[in-house]
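Chemist: This is entry.txt (compact mmCIF, C-alpha atoms).
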```txt
# COMPACT_ATOMS: atom_id res chain seq x y z
CA MET A 1 74.82 32.40 26.39
CA ARG A 2 76.14 35.87 27.06
CA HIS A 3 74.92 37.02 23.62
CA ILE A 4 71.42 35.71 24.33
CA PHE A 5 71.35 37.64 27.61
CA ILE A 6 72.46 40.88 25.92
CA TYR A 7 69.96 40.38 23.07
CA THR A 8 67.15 39.74 25.58
CA LEU A 9 68.15 42.85 27.54
CA ILE A 10 68.10 45.00 24.38
CA VAL A 11 64.70 43.65 23.25
CA THR A 12 63.23 44.09 26.73
CA SER A 13 64.53 47.66 26.91
CA ALA A 14 63.05 48.46 23.50
CA ILE A 15 59.67 47.07 24.53
CA THR A 16 59.75 49.05 27.80
CA LEU A 17 60.60 52.29 25.99
CA ASN A 18 57.89 51.66 23.41
CA ALA A 19 55.37 51.04 26.19
CA GLN A 20 56.24 54.46 27.59
CA ASP A 21 55.11 56.15 24.36
CA ARG A 22 51.44 55.73 25.27
CA PHE A 23 49.66 56.59 28.47
CA LEU A 24 46.08 55.52 29.18
CA THR A 25 43.26 56.07 31.62
CA ARG A 26 39.91 54.30 31.75
CA GLU A 27 38.72 56.38 34.71
CA GLY A 28 39.01 59.94 33.48
CA HIS A 29 36.59 62.44 34.96
CA VAL A 30 34.47 64.80 32.87
CA LYS A 31 32.02 67.17 34.52
CA PHE A 32 29.66 69.62 32.94
CA PHE A 33 28.00 72.55 34.61
CA SER A 34 24.99 74.43 33.27
CA SER A 35 24.09 77.66 35.02
CA ALA A 36 20.62 78.96 34.18
CA LEU A 37 18.11 81.37 35.74
CA ILE A 38 16.07 78.79 37.62
CA GLU A 39 18.45 75.91 38.20
CA ASP A 40 22.12 74.94 38.01
CA ILE A 41 22.78 71.48 36.62
CA THR A 42 25.91 69.42 37.22
CA ALA A 43 26.71 65.96 35.89
CA ASN A 44 29.79 63.80 36.41
CA ASN A 45 31.21 60.97 34.32
CA TYR A 46 34.00 58.74 35.72
CA GLU A 47 34.06 56.20 32.86
CA VAL A 48 36.03 58.26 30.35
CA LEU A 49 38.68 56.53 28.27
CA SER A 50 41.66 58.57 27.09
CA ILE A 51 45.05 57.86 25.60
CA ILE A 52 48.06 60.08 24.94
CA ASP A 53 50.83 59.17 22.50
CA ILE A 54 53.72 61.31 23.72
CA LYS A 55 55.94 60.62 20.70
CA LYS A 56 53.30 61.99 18.33
CA ASN A 57 51.82 64.54 20.80
CA GLU A 58 48.38 63.03 20.07
CA VAL A 59 45.44 62.64 22.41
CA ALA A 60 42.11 60.83 22.09
CA VAL A 61 39.14 60.86 24.48
CA ASP A 62 36.02 58.67 24.43
CA ILE A 63 33.08 59.70 26.65
CA PRO A 64 30.07 57.39 27.09
CA ILE A 65 27.05 59.70 27.33
CA LYS A 66 24.94 57.39 29.50
CA ALA A 67 27.68 57.37 32.16
CA PHE A 68 26.92 60.98 33.17
CA GLU A 69 25.41 60.97 36.65
CA PHE A 70 23.04 63.67 37.85
CA ARG A 71 21.81 64.65 41.28
CA LYS A 72 18.24 63.87 40.17
CA LYS A 73 17.34 60.74 38.21
CA LEU A 74 14.73 62.64 36.21
CA MET A 75 17.42 65.06 34.98
CA GLN A 76 19.52 62.12 33.87
CA GLU A 77 16.56 60.60 32.04
CA HIS A 78 15.73 63.87 30.25
CA PHE A 79 19.42 64.41 29.39
CA ASN A 80 19.72 60.98 27.76
CA GLU A 81 16.31 60.79 26.07
CA ASN A 82 15.37 64.37 25.14
CA TYR A 83 18.63 66.25 24.67
CA MET A 84 21.60 63.98 23.99
CA GLU A 85 19.58 61.14 22.43
CA SER A 86 22.16 58.75 23.85
CA GLU A 87 20.67 55.68 22.16
CA LYS A 88 21.35 57.30 18.78
CA PHE A 89 24.57 59.11 19.83
CA PRO A 90 26.10 56.93 22.58
CA LYS A 91 29.39 58.77 22.95
CA ALA A 92 31.27 62.02 22.54
CA THR A 93 34.87 61.98 21.32
CA PHE A 94 37.89 64.20 20.95
CA LYS A 95 40.86 63.45 18.71
CA GLY A 96 43.67 65.94 18.46
CA VAL A 97 47.24 67.01 19.04
CA PHE A 98 49.07 69.19 21.51
CA ASP A 99 50.19 72.14 19.41
CA GLN A 100 53.02 73.55 21.51
CA ASN A 101 56.48 72.26 20.83
CA VAL A 102 56.71 70.34 24.11
CA ASP A 103 58.57 67.05 23.96
CA LEU A 104 56.74 64.93 26.53
CA SER A 105 58.63 61.84 25.34
CA LYS A 106 61.74 62.96 27.25
CA GLY A 107 59.85 62.32 30.47
CA THR A 108 61.12 65.55 32.02
CA GLU A 109 59.07 66.10 35.15
CA GLY A 110 57.19 69.35 35.36
CA THR A 111 54.05 71.26 34.44
CA TYR A 112 53.35 72.14 30.82
CA ASN A 113 50.63 74.48 29.56
CA VAL A 114 49.66 73.50 26.02
CA ASN A 115 46.71 73.70 23.66
CA ALA A 116 44.93 70.63 22.40
CA ARG A 117 43.62 71.18 18.87
CA GLY A 118 41.36 68.73 17.15
CA GLU A 119 37.89 67.44 16.47
CA LEU A 120 35.23 67.36 19.18
CA MET A 121 32.23 65.21 18.29
CA ILE A 122 29.06 65.56 20.35
CA HIS A 123 25.56 64.46 19.36
CA GLY A 124 26.88 63.32 15.96
CA VAL A 125 28.24 66.78 15.09
CA THR A 126 31.99 67.35 14.74
CA LYS A 127 33.63 70.75 15.30
CA GLN A 128 37.24 71.90 15.33
CA ILE A 129 38.24 73.23 18.76
CA ALA A 130 41.31 74.35 20.65
CA VAL A 131 41.41 74.13 24.44
CA PRO A 132 44.14 74.95 26.96
CA VAL A 133 45.40 71.91 28.85
CA GLU A 134 47.66 71.70 31.88
CA ILE A 135 49.84 68.59 31.71
CA ILE A 136 51.85 67.40 34.68
CA VAL A 137 54.58 64.85 34.07
CA GLU A 138 55.63 62.89 37.13
CA LYS A 139 57.62 59.75 37.60
CA ASN A 140 55.97 57.16 35.32
CA ALA A 141 52.64 59.05 35.15
CA ILE A 142 51.00 61.96 33.37
CA SER A 143 47.99 63.96 34.47
CA ALA A 144 46.01 66.47 32.45
CA SER A 145 43.28 68.95 33.33
CA LEU A 146 41.24 71.41 31.31
CA ILE A 147 38.18 73.65 31.32
CA PHE A 148 36.31 74.88 28.27
CA ASN A 149 32.83 75.95 27.18
CA VAL A 150 30.48 74.24 24.73
CA GLU A 151 27.60 75.97 22.98
CA VAL A 152 25.06 73.16 22.90
CA GLU A 153 23.20 74.45 19.84
CA GLU A 154 26.41 74.22 17.75
CA PHE A 155 26.29 70.46 18.29
CA GLY A 156 22.66 70.04 17.30
CA VAL A 157 21.35 69.74 20.86
CA LYS A 158 17.94 71.38 20.88
CA ILE A 159 16.69 73.16 23.98
CA PRO A 160 12.94 73.86 23.89
CA LYS A 161 12.06 77.53 24.41
CA LEU A 162 10.10 76.54 27.52
CA MET A 163 13.31 75.22 29.11
CA PHE A 164 15.65 78.19 28.45
CA LYS A 165 15.36 79.31 32.11
CA LYS A 166 16.41 75.85 33.31
CA ILE A 167 19.11 74.89 30.81
CA ALA A 168 21.99 77.11 29.75
CA GLU A 169 22.92 77.55 26.10
CA VAL A 170 26.60 77.40 27.05
CA VAL A 171 27.85 74.56 29.25
CA GLU A 172 31.15 74.56 31.13
CA VAL A 173 33.10 71.32 30.72
CA THR A 174 35.85 70.34 33.17
CA ALA A 175 38.04 67.28 32.67
CA ALA A 176 40.80 65.59 34.64
CA PHE A 177 42.82 62.55 33.64
CA GLN A 178 45.40 60.45 35.50
CA TYR A 179 47.34 58.48 32.88
CA LYS A 180 49.54 55.43 33.41
CA PRO A 181 51.87 53.73 30.93
CA TYR A 182 50.06 51.54 28.41
CA ASN A 183 51.65 48.69 26.48
```
Produce structure tokens that represent the structure in this file.
Modeler:
Amino acid sequence: MRHIFIYTLIVTSAITLNAQDRFLTREGHVKFFSSALIEDITANNYEVLSIIDIKKNEVAVDIPIKAFEFRKKLMQEHFNENYMESEKFPKATFKGVFDQNVDLSKGTEGTYNVNARGELMIHGVTKQIAVPVEIIVEKNAISASLIFNVEVEEFGVKIPKLMFKKIAEVVEVTAAFQYKPYN
């Protein structure tokens, strides 16, 4: 009986440690801001899925395009139909790695400034990017935040010449994630 208890304890510990390798959020926040001559445009998305594998230093993000919310419904409609073509390209993704030699798997609490390098796919176009990320490790949780710019034309998003005063060619993207252990 004692051997069964010890075996169960070892197996349970191994499963718990393995569960701590991955951290997930289904409620990440991505915001974009477009500053143009006539109008600034902001949209927020709170339905972002992201997972971090701290053993492999890998990160993946899945952003449903239709979940971006605008101040004006007409902006949201134009964004989805005319620019992002969200029926054809329903999501944006990022898959990459943290390139600094930071061992998050130790669970050492603190703030880490790293770069995430990988593939950003928007509007069906994939580009290699590197963005600075601030990672905060706290007891049984990880948070990450970042800011970077996207040149919309590089991702095949066409802005009509008539709209150049309303829509910026470069959009600022801000993201924040609160991860919890995932098993």
Chemist: Could you check which of A:Ile65, A:Ala130, A:Ala141, A:Val48 is closest to Glu77 of chain A, using all atoms listed in the file?
Modeler: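 Among A:Ile65, A:Ala130, A:Ala141, A:Val48, it is A:Ile65 that comes nearest to Glu77 of chain A.
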Chemist: Between atom CA of Ile38 of chain A and atom CA of His123 of chain A, measure the distance and give it in Å to one decimal.
Modeler: 25.1 Å
Chemist: Between A:Ile167, A:Val137, A:Val30, A:Ala60, which is the closest to Tyr46 of chain A once you count all atoms listed in the file?
Modeler: A:Val30
Chemist: Skipping near chain neighbours, those fewer than 4 positions away, what residues fall within 6 Å of Gly96 of chain A using all atoms listed in the file, listed as a VMD selection string?
Modeler: chain A and resid 58 to 59 117 to 118
Chemist: I'd like the contact shell of Ser145 of chain A - 6 Å cut-off, only C-alpha atoms, skipping same-chain residues fewer than 4 positions apart - returned as number ranges by chain.
Modeler: A: 133-134, 175-176
Chemist: Using only C-alpha atoms, can you tell me which of A:Glu151, A:Lys56, A:Gln76, A:Asp62 comes closest to Asn44 of chain A?
Modeler: A:Gln76
Chemist: Please indicate the distance in Å from atom CA of Ala168 of chain A to atom CA of Ala116 of chain A, rounded to one decimal place.
Modeler: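 Taking atom CA of Ala168 of chain A and atom CA of Ala116 of chain A, their separation equals 24.9 Å.
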Chemist: Using Å and a single decimal, report how far atom CA of Met121 of chain A sits from atom CA of Glu85 of chain A.
Modeler: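 That distance, rounded to one decimal, is 13.9 Å.
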Chemist: Compile the contact shell of Val102 of chain A as a list in words: residues with an atom at most 10 Å away, counting all atoms listed in the file, same-chain residues fewer than 5 positions apart removed.
Modeler: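 Returned residues: Ile54, Asn57, Tyr112, Asn113 and Val114 of chain A.
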Chemist: Might you pull out every residue within 9 Å of Pro64 of chain A, with all atoms listed in the file counted and same-chain residues fewer than 2 positions away left off, and present them as a compact mmCIF listing (two decimals) with C-alpha atoms, in the coordinates of the input?
Modeler:
```
# COMPACT_ATOMS: atom_id res chain seq x y z
CA ASN A 45 31.21 60.97 34.32
CA GLU A 47 34.06 56.20 32.86
CA VAL A 48 36.03 58.26 30.35
CA LEU A 49 38.68 56.53 28.27
CA ASP A 62 36.02 58.67 24.43
CA LYS A 66 24.94 57.39 29.50
CA ALA A 67 27.68 57.37 32.16
CA PHE A 68 26.92 60.98 33.17
CA SER A 86 22.16 58.75 23.85
CA PRO A 90 26.10 56.93 22.58
CA LYS A 91 29.39 58.77 22.95
CA ALA A 92 31.27 62.02 22.54
CA THR A 93 34.87 61.98 21.32
```
Chemist: Counting all atoms listed in the file, which residue out of A:Asp99, A:Glu169, A:Glu109, A:Glu154 sits closest to Lys139 of chain A?
Modeler: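 Ranked by minimum distance to Lys139 of chain A, first place goes to A:Glu109.
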Chemist: Give the answer as one residue: which of A:Ser35, A:Gln100, A:Thr174, A:Asn140 has the shortest atom-to-atom distance to Gln20 of chain A, using all atoms listed in the file?
Modeler: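 Closest candidate: A:Asn140.
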Chemist: From the options A:Met75, A:Val152, A:Leu146, A:Val131, which residue's atoms come nearest to Asp40 of chain A, counting all atoms listed in the file?
Modeler: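 Answer, going by the shortest atom-to-atom distance: A:Met75.
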Chemist: Compile the contact shell of Leu24 of chain A as a CSV table (one decimal) with C-alpha atoms, in the frame of the given file: residues with an atom at most 7 Å away, counting all atoms listed in the file, same-chain residues fewer than 4 positions apart removed.
Modeler:
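To be explicit, this is the file written out as part17.csv:
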```csv
chain,number,residue,atom,x,y,z
A,50,SER,CA,41.7,58.6,27.1
A,51,ILE,CA,45.0,57.9,25.6
A,52,ILE,CA,48.1,60.1,24.9
A,179,TYR,CA,47.3,58.5,32.9
A,180,LYS,CA,49.5,55.4,33.4
A,181,PRO,CA,51.9,53.7,30.9
A,182,TYR,CA,50.1,51.5,28.4
```
Chemist: Give as a list in words each residue that has an atom at most 8 Å from (60.9, 61.5, 25.4) in the file, counting only C-alpha atoms.
Modeler: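 Within 8 Å of (60.9, 61.5, 25.4), the protein and nucleic acid residues are Asp21, Ile54, Lys55, Asp103, Leu104, Ser105, Lys106, Gly107 and Thr108 of chain A.
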Chemist: Model the absent atoms of segment 95-116 of chain A so that N, CA and C atoms are present, and write the result as a compact mmCIF listing (two decimals), in the frame of the given file.
Modeler:
```txt
# COMPACT_ATOMS: atom_id res chain seq x y z
N LYS A 95 39.61 63.95 19.28
CA LYS A 95 40.86 63.45 18.71
C LYS A 95 41.67 64.65 18.28
N GLY A 96 42.88 64.76 18.80
CA GLY A 96 43.67 65.94 18.46
C GLY A 96 45.13 65.80 18.80
N VAL A 97 45.80 66.94 18.76
CA VAL A 97 47.24 67.01 19.04
C VAL A 97 47.50 68.18 19.98
N PHE A 98 48.60 68.07 20.71
CA PHE A 98 49.07 69.19 21.51
C PHE A 98 49.90 70.06 20.58
N ASP A 99 49.55 71.34 20.45
CA ASP A 99 50.19 72.14 19.41
C ASP A 99 51.46 72.88 19.83
N GLN A 100 51.76 72.92 21.11
CA GLN A 100 53.02 73.55 21.51
C GLN A 100 54.15 72.56 21.26
N ASN A 101 55.32 73.10 21.08
CA ASN A 101 56.48 72.26 20.83
C ASN A 101 57.05 71.76 22.15
N VAL A 102 56.30 70.92 22.84
CA VAL A 102 56.71 70.34 24.11
C VAL A 102 57.00 68.87 23.86
N ASP A 103 58.19 68.44 24.18
CA ASP A 103 58.57 67.05 23.96
C ASP A 103 58.31 66.25 25.24
N LEU A 104 57.10 65.71 25.36
CA LEU A 104 56.74 64.93 26.53
C LEU A 104 57.48 63.61 26.56
N SER A 105 57.98 63.16 25.41
CA SER A 105 58.63 61.84 25.34
C SER A 105 59.94 61.79 26.12
N LYS A 106 60.50 62.95 26.46
CA LYS A 106 61.74 62.96 27.25
C LYS A 106 61.47 62.58 28.70
N GLY A 107 60.21 62.68 29.11
CA GLY A 107 59.85 62.32 30.47
C GLY A 107 60.31 63.32 31.51
N THR A 108 60.66 64.53 31.09
CA THR A 108 61.12 65.55 32.02
C THR A 108 59.95 65.95 32.92
N GLU A 109 60.14 65.76 34.21
CA GLU A 109 59.07 66.10 35.15
C GLU A 109 58.82 67.59 35.15
N GLY A 110 57.54 67.94 35.30
CA GLY A 110 57.19 69.35 35.36
C GLY A 110 55.76 69.58 34.90
N THR A 111 55.38 70.85 34.86
CA THR A 111 54.05 71.26 34.44
C THR A 111 54.17 71.97 33.10
N TYR A 112 53.33 71.58 32.17
CA TYR A 112 53.35 72.14 30.82
C TYR A 112 51.96 72.66 30.48
N ASN A 113 51.89 73.90 30.02
CA ASN A 113 50.63 74.48 29.56
C ASN A 113 50.65 74.46 28.04
N VAL A 114 49.72 73.69 27.47
CA VAL A 114 49.66 73.50 26.02
C VAL A 114 48.23 73.71 25.54
N ASN A 115 48.05 73.71 24.24
CA ASN A 115 46.71 73.70 23.66
C ASN A 115 46.50 72.36 22.98
N ALA A 116 45.31 71.82 23.15
CA ALA A 116 44.93 70.63 22.40
C ALA A 116 44.01 71.11 21.27
```
